[in-house]
Amino acid sequence: MSHSSDKMMNRYALLTLCSFSFMPAMNAQKGYTRTHSKMLDEAKTLFEAQQWSDAARVYRKLVDVDTTFGEVAYELGICFNHMPAQREMAAAQFERAARNGSIEAKYEVAIMRHRQQRFDEEVALLTAYKQENGRAVADAEVDRRIGMANTAKQLIAFPAEMNIRNMGTLINSKDHDYCPIITADGNTMYFTSRREGSTGSMRDPSGQYFEDIYMAKRVDEIWSNATNVGAPLNTFVQDATVGLNPDGSSMIIYRTAQNLTSGDLYECNRHLGLWQPPVKMTERINSEFHEPSATISPDGSEIYFTSDRDGGFGGRDLYRIRKLPNDQWSLPLNLGPTINTPYDEDAPFMHSDGTTLFFSSNGHGTMGGYDIFKSTLVDYDMNGWTPPENMGYPLNTVNDDIYFCLSEDGQTGYFSSERAGGVGGQDIYQITFPASQLEYLVVRGVVTDASEEPIQARILLTDQTGEELVGVYNANARTGRYLMVVQPNESYTMTVGGQPLTLFSLRPTGASNVIEVDPKLLAVTCERVKKAVL
C-alpha cells in the first residue's frame, strides 16, 4: 500500500470488509446468463482483493444487465470511490443501490450528501439508517457522522478570514499532488506527485502512477515550474515527501519496500548542493507497523511521527523521539490523549518556533475527513499540550485537508486538498492569514567570523539579568544561521562567543512573527556576529 493511499482517509474499509456478510438479500438477478454469473464471481474476487480498477471494469458490464440488482451498483460505487478520476461517479451508483434495497448504500448516500454540503438531508438519512436492522455501521459512528454534519454547518456559516489560492499548473497536475514541505525562507518547495512521467512509469491497483518527489523554486515571489528531483530520492518504488528541516539540508522521505506492500521512513542529507542516498531511520521510528509521516524539530534534536503501533489510543497516533546526549534516539513518547483520539491523527508539522504543532485528524471536531488542527506545547517535561484548535473553514472543508505547513512568520501556509475548482485530484494550495497563527516570536540571524564567513557557534539565551537560562541554540556550521523562539514583550540576554547582547521587549513588526535583530547593535556588542538578516 502506498504512502498516499495510507494517508488519505479510507472510510470504506469497514464496509468493504463487511459488504458480503452484512449485505441483505436482494432481488434475484434478472436476465443473468451463466456468463454473467461467472463475470460476477470474477468481479467479487477482484473486489475482495481491492483491485478497484479491474473490478470496476467488470461491474460496469453487469450494472445494466439487471438495473434492480442493487449489490452490483453498490460495489461499483465502492470501486469508484477508490479511483480518484472516477469518484464523482459513485453517487449515482449508491443512489441506485439504495433504491433497490441496499442498506449500506443508504449510508453511503448520506456520506455523499455531506460532500455535497447538503447537511440537513445527510442528518435525516443517517437518522433513518440508525433504524435499520442488520446494518454494518454502529450507532457511535453514525452519531459521530451526525456531529460532523453539525460542525461543518456551523463552521461554514462563520468562515475564518484567510485567502486561499490554488498553486496552479506550474505546481499541480491533473493527478494527485500533495504533502508540500517548504524551507523556512519560503523559497524552496518539495512535494509528492502521482503525475505521468514518474520513475518507472508504474501504476498501482487504483490506476495511479507511483509516487515521485518534485521540487520548485520561488524567485521574486514567483514559483518555477515543478521538476522531478530524480535519483537518489526517486526510485522505481513509491517515494514521497514527509518532512524537511528549516534550512532544507535534511529531508525525511517515505519509501515502499520492493514488495510495494510495506515501507519505511528514510533520512536524506544535502551535501555540496546534492542530495545524498537516503538512509533508513532508526528502528525507534520504523517498526513492523506503519509510520507514514514525520516532522523534524528546528534544532534537529526531535522527530515527531505518525504510527499505528500497538499501545496507542486507536488508529494512527502522533509520537515524538528525542536525540540523547550519546547521540542515540530515545524511546518513542505518545503525545497523549489531548492530541490523539481513537481515530486517526496524521501529517504532523512542528513549526520552526519549536512549540506550535499542526496536524490533521479525523477524530477531533472535524467537519469531514481530515481537518487541520493546531496545538501548542506548554509543558515539555509533562508532555502538556493545549486542546487542538480546528483551523476553520475555508482552510478545512468536508473533504480531506491535510499536510499543512507554515512559514516562519506564521502568515503563509501550504496544504493539500481535493476541492472544487482544482487542477485535478488532490492539489497544493497556498493560504495567507491576516495575522500570525503563532503565539511565540522567532529571532533569526547569522553568526560569522571577522571575515564575515559563517561559523558554527553556541548561543545562550537567558533572562535580562543573565541568571535564568531560557534556551541553548546552535548556529548551523555551514550557513551560520540560527533560530530562537521567545515570548513576546519580554527582555532577554543573548550570549555568543562569550559576549552578551541584551534584547529588550521583543515585539513583532506589524503582523510578522519574525524579529530582526539590529545588525549594528550586534556588531557593537558581539564582535563575532557581523549581521542578522531575515
# chains A, B, ... in the order shown; residues from 1 in each chain; ligands from 1
>>> select_by_dssp(residues="segment 98-328 of chain A", states="helix (DSSP H, G or I)", output="MDAnalysis selection string")
chainID A and resid 98:99 103:115 119:129 139:157 199:201
>>> residues_around(residues="segment 110-125 of chain A", least_positions_apart="6", cutoff="12 Å", atoms="only C-alpha atoms", output="PyMOL selection string")
chain A and resi 11-12+77-78+81+87-95+98+103-104+131-132+142-157+367-369+397-400+418-420
>>> write_last_selection(atoms="N, CA and C atoms", output="compact mmCIF listing (two decimals), in the first residue's frame")
# COMPACT_ATOMS: atom_id res chain seq x y z
N ARG A 11 -12.62 5.69 4.39
CA ARG A 11 -13.79 5.49 5.21
C ARG A 11 -14.60 4.28 4.78
N TYR A 12 -14.15 3.61 3.70
CA TYR A 12 -14.89 2.47 3.21
C TYR A 12 -14.29 1.14 3.65
N GLY A 77 -20.03 1.38 -6.88
CA GLY A 77 -19.84 2.67 -6.20
C GLY A 77 -18.64 2.67 -5.29
N ILE A 78 -18.43 1.56 -4.56
CA ILE A 78 -17.26 1.45 -3.70
C ILE A 78 -15.99 1.52 -4.54
N ASN A 81 -15.23 5.01 -5.61
CA ASN A 81 -14.74 5.84 -4.52
C ASN A 81 -13.25 5.63 -4.26
N ARG A 87 -14.31 9.15 -8.93
CA ARG A 87 -15.00 9.26 -7.65
C ARG A 87 -16.37 9.92 -7.76
N GLU A 88 -16.49 10.90 -8.62
CA GLU A 88 -17.77 11.61 -8.74
C GLU A 88 -18.87 10.71 -9.30
N MET A 89 -18.50 9.58 -9.89
CA MET A 89 -19.49 8.67 -10.46
C MET A 89 -20.09 7.74 -9.41
N ALA A 90 -19.57 7.78 -8.20
CA ALA A 90 -20.03 6.86 -7.15
C ALA A 90 -21.45 7.18 -6.70
N ALA A 91 -21.79 8.46 -6.61
CA ALA A 91 -23.08 8.86 -6.05
C ALA A 91 -24.25 8.20 -6.78
N ALA A 92 -24.22 8.20 -8.10
CA ALA A 92 -25.33 7.64 -8.88
C ALA A 92 -25.50 6.15 -8.61
N GLN A 93 -24.37 5.45 -8.43
CA GLN A 93 -24.45 4.02 -8.17
C GLN A 93 -25.00 3.74 -6.77
N PHE A 94 -24.58 4.52 -5.79
CA PHE A 94 -25.12 4.34 -4.43
C PHE A 94 -26.62 4.64 -4.40
N GLU A 95 -27.03 5.68 -5.10
CA GLU A 95 -28.45 6.03 -5.11
C GLU A 95 -29.27 4.91 -5.77
N ALA A 98 -29.43 2.01 -3.29
CA ALA A 98 -30.33 2.33 -2.17
C ALA A 98 -31.79 2.16 -2.59
N ILE A 103 -28.99 -1.54 2.28
CA ILE A 103 -28.94 -0.71 3.48
C ILE A 103 -27.66 0.13 3.50
N GLU A 104 -26.52 -0.50 3.19
CA GLU A 104 -25.25 0.22 3.27
C GLU A 104 -25.15 1.29 2.20
N GLN A 131 -32.25 3.27 12.20
CA GLN A 131 -33.42 2.42 12.48
C GLN A 131 -33.37 1.08 11.73
N GLU A 132 -32.40 0.93 10.83
CA GLU A 132 -32.30 -0.29 10.04
C GLU A 132 -31.72 -1.43 10.86
N VAL A 142 -22.32 6.40 13.54
CA VAL A 142 -23.38 7.17 12.90
C VAL A 142 -23.57 8.50 13.63
N ASP A 143 -23.56 8.46 14.95
CA ASP A 143 -23.70 9.70 15.73
C ASP A 143 -22.52 10.64 15.48
N ARG A 144 -21.32 10.06 15.31
CA ARG A 144 -20.16 10.89 15.01
C ARG A 144 -20.33 11.59 13.66
N ARG A 145 -20.89 10.87 12.70
CA ARG A 145 -21.15 11.46 11.39
C ARG A 145 -22.17 12.60 11.49
N ILE A 146 -23.17 12.41 12.30
CA ILE A 146 -24.15 13.48 12.51
C ILE A 146 -23.47 14.69 13.14
N GLY A 147 -22.56 14.44 14.10
CA GLY A 147 -21.80 15.53 14.71
C GLY A 147 -20.95 16.26 13.68
N MET A 148 -20.32 15.53 12.74
CA MET A 148 -19.55 16.17 11.67
C MET A 148 -20.43 17.10 10.84
N ALA A 149 -21.63 16.64 10.52
CA ALA A 149 -22.54 17.46 9.73
C ALA A 149 -22.86 18.76 10.45
N ASN A 150 -23.11 18.67 11.75
CA ASN A 150 -23.44 19.88 12.51
C ASN A 150 -22.23 20.81 12.63
N THR A 151 -21.02 20.22 12.82
CA THR A 151 -19.79 21.03 12.89
C THR A 151 -19.55 21.74 11.56
N ALA A 152 -19.70 21.00 10.46
CA ALA A 152 -19.49 21.60 9.14
C ALA A 152 -20.46 22.74 8.88
N LYS A 153 -21.70 22.52 9.22
CA LYS A 153 -22.73 23.55 9.02
C LYS A 153 -22.39 24.82 9.80
N GLN A 154 -21.90 24.64 11.02
CA GLN A 154 -21.55 25.78 11.87
C GLN A 154 -20.32 26.52 11.34
N LEU A 155 -19.26 25.79 10.98
CA LEU A 155 -18.03 26.44 10.51
C LEU A 155 -18.23 27.14 9.18
N ILE A 156 -19.01 26.56 8.29
CA ILE A 156 -19.27 27.21 7.00
C ILE A 156 -20.09 28.48 7.19
N ALA A 157 -20.97 28.48 8.19
CA ALA A 157 -21.79 29.67 8.45
C ALA A 157 -20.95 30.83 8.99
N MET A 367 -14.94 18.71 10.39
CA MET A 367 -16.13 18.96 9.57
C MET A 367 -16.23 17.97 8.42
N GLY A 368 -15.38 16.93 8.45
CA GLY A 368 -15.46 15.88 7.44
C GLY A 368 -14.08 15.48 6.95
N GLY A 369 -13.80 14.17 6.92
CA GLY A 369 -12.49 13.71 6.52
C GLY A 369 -11.44 14.24 7.48
N THR A 397 -12.47 21.73 4.92
CA THR A 397 -13.69 21.52 4.15
C THR A 397 -14.29 20.16 4.52
N VAL A 398 -15.31 19.75 3.76
CA VAL A 398 -15.93 18.45 4.01
C VAL A 398 -15.08 17.31 3.46
N ASN A 399 -14.02 17.63 2.72
CA ASN A 399 -13.11 16.62 2.20
C ASN A 399 -11.84 16.55 3.05
N ASP A 400 -10.87 15.76 2.61
CA ASP A 400 -9.60 15.66 3.34
C ASP A 400 -8.76 16.91 3.10
N GLU A 418 -8.51 18.28 -1.90
CA GLU A 418 -9.25 17.97 -3.12
C GLU A 418 -10.57 18.72 -3.03
N ARG A 419 -10.68 19.81 -3.78
CA ARG A 419 -11.86 20.66 -3.69
C ARG A 419 -12.23 21.19 -5.06
N ALA A 420 -13.45 21.74 -5.15
CA ALA A 420 -13.96 22.24 -6.43
C ALA A 420 -13.03 23.31 -6.99
>>> select_by_dssp(residues="segment 220-380 of chain A", states="strand (DSSP E)", output="VMD selection string")
chain A and resid 222 to 223 227 to 228 239 to 244 250 to 256 263 to 271 274 to 275 279 to 280 294 to 296 302 to 307 317 to 322 333 to 334 345 to 350 356 to 361 371 to 379
>>> residues_around(residues="segment 231-236 of chain A", least_positions_apart="2", cutoff="10 Å", atoms="only C-alpha atoms", output="JSON, numbers by chain")
{"A": [198, 199, 200, 201, 202, 210, 211, 212, 213, 214, 228, 229, 238, 239, 240, 241, 251, 253, 254, 255, 256, 258, 266, 268, 274, 275, 276, 277, 278]}
>>> atom_distance(atom1="atom CA of Asp371 of chain A", atom2="atom CA of Val237 of chain A")
28.9 Å
>>> atom_distance(atom1="atom CA of Cys179 of chain A", atom2="atom CA of Arg478 of chain A")
27.3 Å
>>> residues_around(residues="Asn172 of chain A", least_positions_apart="5", cutoff="7 Å", atoms="only C-alpha atoms", output="PyMOL selection string")
chain A and resi 167+177+423+427-428
>>> residues_around(residues="segment 305-313 of chain A", least_positions_apart="3", cutoff="12 Å", atoms="only C-alpha atoms", output="PDB file with N, CA and C atoms, in the first residue's frame")
ATOM      1  N   ASP A   6      -2.381   5.241   2.130  1.00  0.00           N
ATOM      2  CA  ASP A   6      -2.403   5.062   3.575  1.00  0.00           C
ATOM      3  C   ASP A   6      -2.828   6.343   4.267  1.00  0.00           C
ATOM      4  N   LYS A   7      -2.370   7.478   3.763  1.00  0.00           N
ATOM      5  CA  LYS A   7      -2.568   8.733   4.468  1.00  0.00           C
ATOM      6  C   LYS A   7      -3.902   9.375   4.144  1.00  0.00           C
ATOM      7  N   VAL A 242       8.004  13.788   3.240  1.00  0.00           N
ATOM      8  CA  VAL A 242       7.473  13.653   4.590  1.00  0.00           C
ATOM      9  C   VAL A 242       7.800  14.893   5.429  1.00  0.00           C
ATOM     10  N   GLY A 243       9.093  15.219   5.595  1.00  0.00           N
ATOM     11  CA  GLY A 243       9.477  16.345   6.448  1.00  0.00           C
ATOM     12  C   GLY A 243      10.762  16.976   5.967  1.00  0.00           C
ATOM     13  N   ILE A 252      13.131  14.063   5.314  1.00  0.00           N
ATOM     14  CA  ILE A 252      12.619  12.729   5.590  1.00  0.00           C
ATOM     15  C   ILE A 252      11.691  12.345   4.443  1.00  0.00           C
ATOM     16  N   ILE A 253      11.881  11.140   3.908  1.00  0.00           N
ATOM     17  CA  ILE A 253      11.005  10.650   2.854  1.00  0.00           C
ATOM     18  C   ILE A 253      10.425   9.305   3.273  1.00  0.00           C
ATOM     19  N   TYR A 254       9.339   8.933   2.611  1.00  0.00           N
ATOM     20  CA  TYR A 254       8.745   7.612   2.796  1.00  0.00           C
ATOM     21  C   TYR A 254       9.006   6.806   1.529  1.00  0.00           C
ATOM     22  N   ASP A 264       9.088   2.319   4.834  1.00  0.00           N
ATOM     23  CA  ASP A 264       9.775   2.903   5.981  1.00  0.00           C
ATOM     24  C   ASP A 264      10.106   4.358   5.700  1.00  0.00           C
ATOM     25  N   LEU A 265      10.471   5.042   6.775  1.00  0.00           N
ATOM     26  CA  LEU A 265      10.944   6.415   6.676  1.00  0.00           C
ATOM     27  C   LEU A 265      12.461   6.424   6.525  1.00  0.00           C
ATOM     28  N   MET A 281      15.750   5.289   8.704  1.00  0.00           N
ATOM     29  CA  MET A 281      15.792   5.888  10.035  1.00  0.00           C
ATOM     30  C   MET A 281      15.754   4.816  11.119  1.00  0.00           C
ATOM     31  N   ARG A 284      13.575   2.887  16.286  1.00  0.00           N
ATOM     32  CA  ARG A 284      12.697   3.513  17.271  1.00  0.00           C
ATOM     33  C   ARG A 284      11.516   4.203  16.578  1.00  0.00           C
ATOM     34  N   ILE A 285      11.693   4.528  15.286  1.00  0.00           N
ATOM     35  CA  ILE A 285      10.597   5.070  14.480  1.00  0.00           C
ATOM     36  C   ILE A 285      10.006   3.969  13.611  1.00  0.00           C
ATOM     37  N   ASN A 286      10.806   3.430  12.704  1.00  0.00           N
ATOM     38  CA  ASN A 286      10.321   2.373  11.822  1.00  0.00           C
ATOM     39  C   ASN A 286      10.070   1.096  12.618  1.00  0.00           C
ATOM     40  N   SER A 287       8.933   0.488  12.375  1.00  0.00           N
ATOM     41  CA  SER A 287       8.567  -0.713  13.111  1.00  0.00           C
ATOM     42  C   SER A 287       7.834  -1.661  12.171  1.00  0.00           C
ATOM     43  N   GLU A 288       7.310  -2.747  12.729  1.00  0.00           N
ATOM     44  CA  GLU A 288       6.506  -3.673  11.928  1.00  0.00           C
ATOM     45  C   GLU A 288       5.162  -3.055  11.571  1.00  0.00           C
ATOM     46  N   PHE A 289       4.830  -1.937  12.202  1.00  0.00           N
ATOM     47  CA  PHE A 289       3.589  -1.239  11.910  1.00  0.00           C
ATOM     48  C   PHE A 289       3.860  -0.174  10.847  1.00  0.00           C
ATOM     49  N   HIS A 290       2.939   0.772  10.711  1.00  0.00           N
ATOM     50  CA  HIS A 290       3.055   1.725   9.606  1.00  0.00           C
ATOM     51  C   HIS A 290       3.345   3.119  10.139  1.00  0.00           C
ATOM     52  N   GLU A 291       4.406   3.737   9.639  1.00  0.00           N
ATOM     53  CA  GLU A 291       4.815   5.093  10.013  1.00  0.00           C
ATOM     54  C   GLU A 291       4.921   5.932   8.744  1.00  0.00           C
ATOM     55  N   PRO A 292       3.853   6.604   8.322  1.00  0.00           N
ATOM     56  CA  PRO A 292       3.867   7.307   7.040  1.00  0.00           C
ATOM     57  C   PRO A 292       4.296   8.768   7.098  1.00  0.00           C
ATOM     58  N   SER A 293       4.346   9.383   8.291  1.00  0.00           N
ATOM     59  CA  SER A 293       4.583  10.830   8.370  1.00  0.00           C
ATOM     60  C   SER A 293       5.558  11.164   9.477  1.00  0.00           C
ATOM     61  N   ALA A 294       6.258  12.286   9.316  1.00  0.00           N
ATOM     62  CA  ALA A 294       7.180  12.756  10.359  1.00  0.00           C
ATOM     63  C   ALA A 294       7.511  14.217  10.111  1.00  0.00           C
ATOM     64  N   THR A 295       8.010  14.878  11.146  1.00  0.00           N
ATOM     65  CA  THR A 295       8.472  16.255  11.040  1.00  0.00           C
ATOM     66  C   THR A 295       9.674  16.435  11.953  1.00  0.00           C
ATOM     67  N   ILE A 296      10.621  17.250  11.526  1.00  0.00           N
ATOM     68  CA  ILE A 296      11.863  17.463  12.263  1.00  0.00           C
ATOM     69  C   ILE A 296      11.753  18.745  13.073  1.00  0.00           C
ATOM     70  N   SER A 297      12.180  18.718  14.335  1.00  0.00           N
ATOM     71  CA  SER A 297      12.183  19.935  15.138  1.00  0.00           C
ATOM     72  C   SER A 297      13.230  20.901  14.589  1.00  0.00           C
ATOM     73  N   GLU A 302      14.706  16.483  17.751  1.00  0.00           N
ATOM     74  CA  GLU A 302      13.483  15.712  17.955  1.00  0.00           C
ATOM     75  C   GLU A 302      12.824  15.425  16.614  1.00  0.00           C
ATOM     76  N   ARG A 316      -4.208   5.891  13.960  1.00  0.00           N
ATOM     77  CA  ARG A 316      -2.849   6.444  13.942  1.00  0.00           C
ATOM     78  C   ARG A 316      -2.701   7.479  15.041  1.00  0.00           C
ATOM     79  N   ASP A 317      -1.589   7.427  15.746  1.00  0.00           N
ATOM     80  CA  ASP A 317      -1.277   8.380  16.804  1.00  0.00           C
ATOM     81  C   ASP A 317      -0.010   9.142  16.437  1.00  0.00           C
ATOM     82  N   LEU A 318       0.188  10.263  17.122  1.00  0.00           N
ATOM     83  CA  LEU A 318       1.411  11.039  16.973  1.00  0.00           C
ATOM     84  C   LEU A 318       2.342  10.746  18.149  1.00  0.00           C
ATOM     85  N   TYR A 319       3.635  10.575  17.827  1.00  0.00           N
ATOM     86  CA  TYR A 319       4.681  10.279  18.807  1.00  0.00           C
ATOM     87  C   TYR A 319       5.840  11.251  18.607  1.00  0.00           C
ATOM     88  N   ARG A 320       6.744  11.273  19.579  1.00  0.00           N
ATOM     89  CA  ARG A 320       7.988  12.000  19.384  1.00  0.00           C
ATOM     90  C   ARG A 320       9.135  11.203  19.982  1.00  0.00           C
ATOM     91  N   ILE A 321      10.310  11.354  19.376  1.00  0.00           N
ATOM     92  CA  ILE A 321      11.531  10.799  19.950  1.00  0.00           C
ATOM     93  C   ILE A 321      12.556  11.926  20.032  1.00  0.00           C
ATOM     94  N   ARG A 322      13.505  11.794  20.935  1.00  0.00           N
ATOM     95  CA  ARG A 322      14.489  12.844  21.193  1.00  0.00           C
ATOM     96  C   ARG A 322      15.900  12.260  21.095  1.00  0.00           C
ATOM     97  N   PRO A 332      10.109   6.039  21.842  1.00  0.00           N
ATOM     98  CA  PRO A 332       9.024   6.923  21.410  1.00  0.00           C
ATOM     99  C   PRO A 332       8.103   7.283  22.566  1.00  0.00           C
ATOM    100  N   LEU A 333       7.648   8.521  22.565  1.00  0.00           N
ATOM    101  CA  LEU A 333       6.686   9.008  23.554  1.00  0.00           C
ATOM    102  C   LEU A 333       5.394   9.374  22.839  1.00  0.00           C
ATOM    103  N   ASN A 334       4.303   8.725  23.217  1.00  0.00           N
ATOM    104  CA  ASN A 334       2.993   9.084  22.659  1.00  0.00           C
ATOM    105  C   ASN A 334       2.619  10.485  23.142  1.00  0.00           C
ATOM    106  N   LEU A 335       2.102  11.320  22.251  1.00  0.00           N
ATOM    107  CA  LEU A 335       1.781  12.695  22.643  1.00  0.00           C
ATOM    108  C   LEU A 335       0.562  12.797  23.540  1.00  0.00           C
ATOM    109  N   GLY A 336      -0.115  11.676  23.804  1.00  0.00           N
ATOM    110  CA  GLY A 336      -1.154  11.663  24.820  1.00  0.00           C
ATOM    111  C   GLY A 336      -2.551  11.955  24.311  1.00  0.00           C
ATOM    112  N   PRO A 337      -3.545  11.845  25.211  1.00  0.00           N
ATOM    113  CA  PRO A 337      -4.949  11.930  24.813  1.00  0.00           C
ATOM    114  C   PRO A 337      -5.424  13.325  24.429  1.00  0.00           C
ATOM    115  N   THR A 338      -4.651  14.361  24.774  1.00  0.00           N
ATOM    116  CA  THR A 338      -5.052  15.696  24.309  1.00  0.00           C
ATOM    117  C   THR A 338      -4.893  15.793  22.797  1.00  0.00           C
ATOM    118  N   ILE A 339      -3.833  15.197  22.267  1.00  0.00           N
ATOM    119  CA  ILE A 339      -3.565  15.224  20.826  1.00  0.00           C
ATOM    120  C   ILE A 339      -4.220  14.038  20.124  1.00  0.00           C
ATOM    121  N   ASN A 340      -4.076  12.844  20.664  1.00  0.00           N
ATOM    122  CA  ASN A 340      -4.521  11.636  19.974  1.00  0.00           C
ATOM    123  C   ASN A 340      -5.930  11.217  20.388  1.00  0.00           C
ATOM    124  N   THR A 341      -6.641  10.600  19.464  1.00  0.00           N
ATOM    125  CA  THR A 341      -8.019  10.151  19.655  1.00  0.00           C
ATOM    126  C   THR A 341      -8.124   8.678  19.270  1.00  0.00           C
ATOM    127  N   PRO A 342      -9.298   8.066  19.422  1.00  0.00           N
ATOM    128  CA  PRO A 342      -9.467   6.685  18.952  1.00  0.00           C
ATOM    129  C   PRO A 342      -9.435   6.568  17.423  1.00  0.00           C
ATOM    130  N   TYR A 343      -9.369   7.701  16.720  1.00  0.00           N
ATOM    131  CA  TYR A 343      -9.372   7.690  15.263  1.00  0.00           C
ATOM    132  C   TYR A 343      -7.961   7.985  14.756  1.00  0.00           C
ATOM    133  N   ASP A 344      -7.811   8.737  13.683  1.00  0.00           N
ATOM    134  CA  ASP A 344      -6.502   8.932  13.054  1.00  0.00           C
ATOM    135  C   ASP A 344      -5.996  10.359  13.229  1.00  0.00           C
ATOM    136  N   GLU A 345      -4.763  10.471  13.712  1.00  0.00           N
ATOM    137  CA  GLU A 345      -4.017  11.726  13.673  1.00  0.00           C
ATOM    138  C   GLU A 345      -2.828  11.501  12.746  1.00  0.00           C
ATOM    139  N   ASP A 346      -2.535  12.472  11.899  1.00  0.00           N
ATOM    140  CA  ASP A 346      -1.530  12.254  10.861  1.00  0.00           C
ATOM    141  C   ASP A 346      -0.925  13.585  10.447  1.00  0.00           C
ATOM    142  N   ALA A 347       0.098  13.506   9.578  1.00  0.00           N
ATOM    143  CA  ALA A 347       0.724  14.656   8.933  1.00  0.00           C
ATOM    144  C   ALA A 347       1.159  15.731   9.927  1.00  0.00           C
ATOM    145  N   PRO A 348       1.974  15.398  10.948  1.00  0.00           N
ATOM    146  CA  PRO A 348       2.428  16.423  11.893  1.00  0.00           C
ATOM    147  C   PRO A 348       3.392  17.398  11.233  1.00  0.00           C
ATOM    148  N   PHE A 349       3.317  18.651  11.651  1.00  0.00           N
ATOM    149  CA  PHE A 349       4.281  19.675  11.220  1.00  0.00           C
ATOM    150  C   PHE A 349       4.624  20.519  12.433  1.00  0.00           C
ATOM    151  N   MET A 350       5.872  20.407  12.913  1.00  0.00           N
ATOM    152  CA  MET A 350       6.332  21.238  14.018  1.00  0.00           C
ATOM    153  C   MET A 350       6.938  22.510  13.429  1.00  0.00           C
ATOM    154  N   LEU A 357       2.485  22.918  17.031  1.00  0.00           N
ATOM    155  CA  LEU A 357       2.316  21.710  16.242  1.00  0.00           C
ATOM    156  C   LEU A 357       1.031  21.798  15.437  1.00  0.00           C
ATOM    157  N   PHE A 359      -1.321  19.516  12.719  1.00  0.00           N
ATOM    158  CA  PHE A 359      -1.516  18.134  12.290  1.00  0.00           C
ATOM    159  C   PHE A 359      -2.935  17.984  11.743  1.00  0.00           C
ATOM    160  N   SER A 360      -3.177  16.863  11.091  1.00  0.00           N
ATOM    161  CA  SER A 360      -4.517  16.585  10.586  1.00  0.00           C
ATOM    162  C   SER A 360      -5.126  15.436  11.379  1.00  0.00           C
ATOM    163  N   SER A 361      -6.455  15.487  11.535  1.00  0.00           N
ATOM    164  CA  SER A 361      -7.154  14.474  12.314  1.00  0.00           C
ATOM    165  C   SER A 361      -8.548  14.268  11.746  1.00  0.00           C
ATOM    166  N   GLY A 363     -10.528  12.628  13.942  1.00  0.00           N
ATOM    167  CA  GLY A 363     -11.116  12.224  15.206  1.00  0.00           C
ATOM    168  C   GLY A 363     -11.508  13.357  16.125  1.00  0.00           C
TER     169      GLY A 363
END
>>> atom_distance(atom1="atom CA of Asp185 of chain A", atom2="atom CA of Glu408 of chain A")
7.1 Å
>>> residues_around(residues="Trp223 of chain A", least_positions_apart="4", cutoff="12 Å", atoms="only C-alpha atoms", output="PyMOL selection string")
chain A and resi 167-172+186-190+215-219+227+430
>>> decode(residues="segment 418-430 of chain A", atoms="N, CA, C and O atoms", output="mmCIF file, in the first residue's frame")
data_model
loop_
_atom_site.group_PDB
_atom_site.id
_atom_site.type_symbol
_atom_site.label_atom_id
_atom_site.label_comp_id
_atom_site.auth_asym_id
_atom_site.auth_seq_id
_atom_site.Cartn_x
_atom_site.Cartn_y
_atom_site.Cartn_z
ATOM 1 N N GLU A 418 -8.514 18.276 -1.898
ATOM 2 C CA GLU A 418 -9.251 17.970 -3.125
ATOM 3 C C GLU A 418 -10.572 18.717 -3.029
ATOM 4 O O GLU A 418 -11.470 18.336 -2.293
ATOM 5 N N ARG A 419 -10.683 19.808 -3.778
ATOM 6 C CA ARG A 419 -11.864 20.661 -3.695
ATOM 7 C C ARG A 419 -12.228 21.192 -5.063
ATOM 8 O O ARG A 419 -11.441 21.118 -6.004
ATOM 9 N N ALA A 420 -13.450 21.738 -5.149
ATOM 10 C CA ALA A 420 -13.959 22.235 -6.427
ATOM 11 C C ALA A 420 -13.029 23.313 -6.986
ATOM 12 O O ALA A 420 -12.464 24.123 -6.247
ATOM 13 N N GLY A 421 -12.858 23.293 -8.316
ATOM 14 C CA GLY A 421 -12.038 24.298 -8.971
ATOM 15 C C GLY A 421 -10.575 23.966 -9.031
ATOM 16 O O GLY A 421 -9.769 24.786 -9.484
ATOM 17 N N GLY A 422 -10.192 22.762 -8.606
ATOM 18 C CA GLY A 422 -8.785 22.377 -8.626
ATOM 19 C C GLY A 422 -8.317 21.968 -10.004
ATOM 20 O O GLY A 422 -9.100 21.868 -10.961
ATOM 21 N N VAL A 423 -7.017 21.723 -10.099
ATOM 22 C CA VAL A 423 -6.428 21.304 -11.371
ATOM 23 C C VAL A 423 -6.736 19.837 -11.639
ATOM 24 O O VAL A 423 -6.956 19.438 -12.779
ATOM 25 N N GLY A 424 -6.783 19.018 -10.562
ATOM 26 C CA GLY A 424 -7.086 17.603 -10.700
ATOM 27 C C GLY A 424 -6.656 16.827 -9.487
ATOM 28 O O GLY A 424 -5.532 16.977 -9.016
ATOM 29 N N GLY A 425 -7.536 15.967 -8.962
ATOM 30 C CA GLY A 425 -7.211 15.191 -7.773
ATOM 31 C C GLY A 425 -6.879 16.104 -6.600
ATOM 32 O O GLY A 425 -7.420 17.212 -6.469
ATOM 33 N N GLN A 426 -5.999 15.633 -5.732
ATOM 34 C CA GLN A 426 -5.508 16.497 -4.664
ATOM 35 C C GLN A 426 -4.576 17.535 -5.273
ATOM 36 O O GLN A 426 -3.716 17.211 -6.087
ATOM 37 N N ASP A 427 -4.750 18.785 -4.870
ATOM 38 C CA ASP A 427 -3.880 19.868 -5.316
ATOM 39 C C ASP A 427 -3.194 20.499 -4.110
ATOM 40 O O ASP A 427 -3.626 20.336 -2.962
ATOM 41 N N ILE A 428 -2.140 21.248 -4.391
ATOM 42 C CA ILE A 428 -1.445 22.015 -3.364
ATOM 43 C C ILE A 428 -1.960 23.449 -3.413
ATOM 44 O O ILE A 428 -2.052 24.055 -4.487
ATOM 45 N N TYR A 429 -2.297 23.970 -2.243
ATOM 46 C CA TYR A 429 -2.844 25.317 -2.112
ATOM 47 C C TYR A 429 -1.937 26.161 -1.213
ATOM 48 O O TYR A 429 -1.268 25.644 -0.323
ATOM 49 N N GLN A 430 -1.973 27.462 -1.462
ATOM 50 C CA GLN A 430 -1.304 28.419 -0.584
ATOM 51 C C GLN A 430 -2.367 29.183 0.183
ATOM 52 O O GLN A 430 -3.406 29.558 -0.375
#
